[in-house]
Amino acid sequence: MAETPLILPWTNFYVLTGSAAAALTGLMFVVITLVASEELLTQSPDGIAAFSTPTVLFFASAMFVSATMCAPWPSLAGPDIAVGLLGAGGLAYLARVSYLAQRLESYRPDLEDWIWYTILPIVAYGVLLVAAFVLRAHPVEVLFVFAGSVLLLIFIGVHNAWDVVTYLVVGGGGGTPPASV
């Protein structure tokens with residue numbers, strides 16, 4: 001029981017990040033619904049799976065860590081397992097996303113796409129996974145690492161949401177996407 005008071009000062013941070021991630025997830029649904037035509041959705045399901053769906057997952061992951069860290073755990077054993085499983089699951093999911101991005105025929109991801117949709121998320125999920133293993137040994141330091149990973153996932157999601165929306169609005173999914181802004 002003595003371990004969880006370390007999490008208490010983080011409550012406001014995680015309420016803020018969880019709420020932001022939830023709001024951004026909702027906006028992603030609204031924008032995709034308003035912008036995407038039925039033709040676009042059927043034309044490029046792998047593109048949506050490689051670019052739009054991971055963005056929603058990054059926001060959902062930030063919400064998950066935020067909710068996990070706000071839960072009234074009796075010890076740090078619960079959060080380390082939950083966050084560790086998220087890290088491992090995120091890495092496995094990114095392997096699939098990378099495969100889908102590589103096999104796209106209508107669009108070839110450029111270096112910026114690989115950085116924002118694959119490399120930075122691998123860093124975020126990998127750090128969560130490793131940090132979860134050492135949470136009980138170094139709780140003060142790892143709580144900052146968890147927070148940094150949550151912020152990284154939110155910033156990745158914001159960048160990628162903007163990238164997807166500008167692509168859908170300007171490029172329309174029917175060919176060469178616009179240059180990143």
# chains A, B, ... in the order shown; residues from 1 in each chain; ligands from 1
call {"tool": "residues_around", "arguments": {"residues": "segment 140-149 of chain A", "least_positions_apart": "4", "cutoff": "6 Å", "atoms": "only C-alpha atoms", "output": "ChimeraX atom specification"}}
result
/A:124,131,135
call {"tool": "select_by_dssp", "arguments": {"residues": "chain A", "states": "alpha helix (DSSP H)", "output": "VMD selection string"}}
result
chain A and resid 11 to 35 38 to 43 45 to 47 53 to 70 77 to 102 111 to 114 120 to 134 139 to 166
call {"tool": "residues_around", "arguments": {"residues": "Trp116 of chain A", "least_positions_apart": "6", "cutoff": "9 Å", "atoms": "only C-alpha atoms", "output": "PyMOL selection string"}}
result
chain A and resi 156-157+159-160
call {"tool": "residues_around", "arguments": {"residues": "segment 53-55 of chain A", "least_positions_apart": "3", "cutoff": "12 Å", "atoms": "only C-alpha atoms", "output": "ChimeraX atom specification"}}
result
/A:21,24-29,32,45-50,58-62,90-91,93-98,100-101,116-118,121-122,153-165
call {"tool": "closest_residue", "arguments": {"among": "A:Leu85, A:Val150, A:Leu104, A:Ala137", "to": "Ala67 of chain A", "atoms": "only C-alpha atoms"}}
result
A:Val150
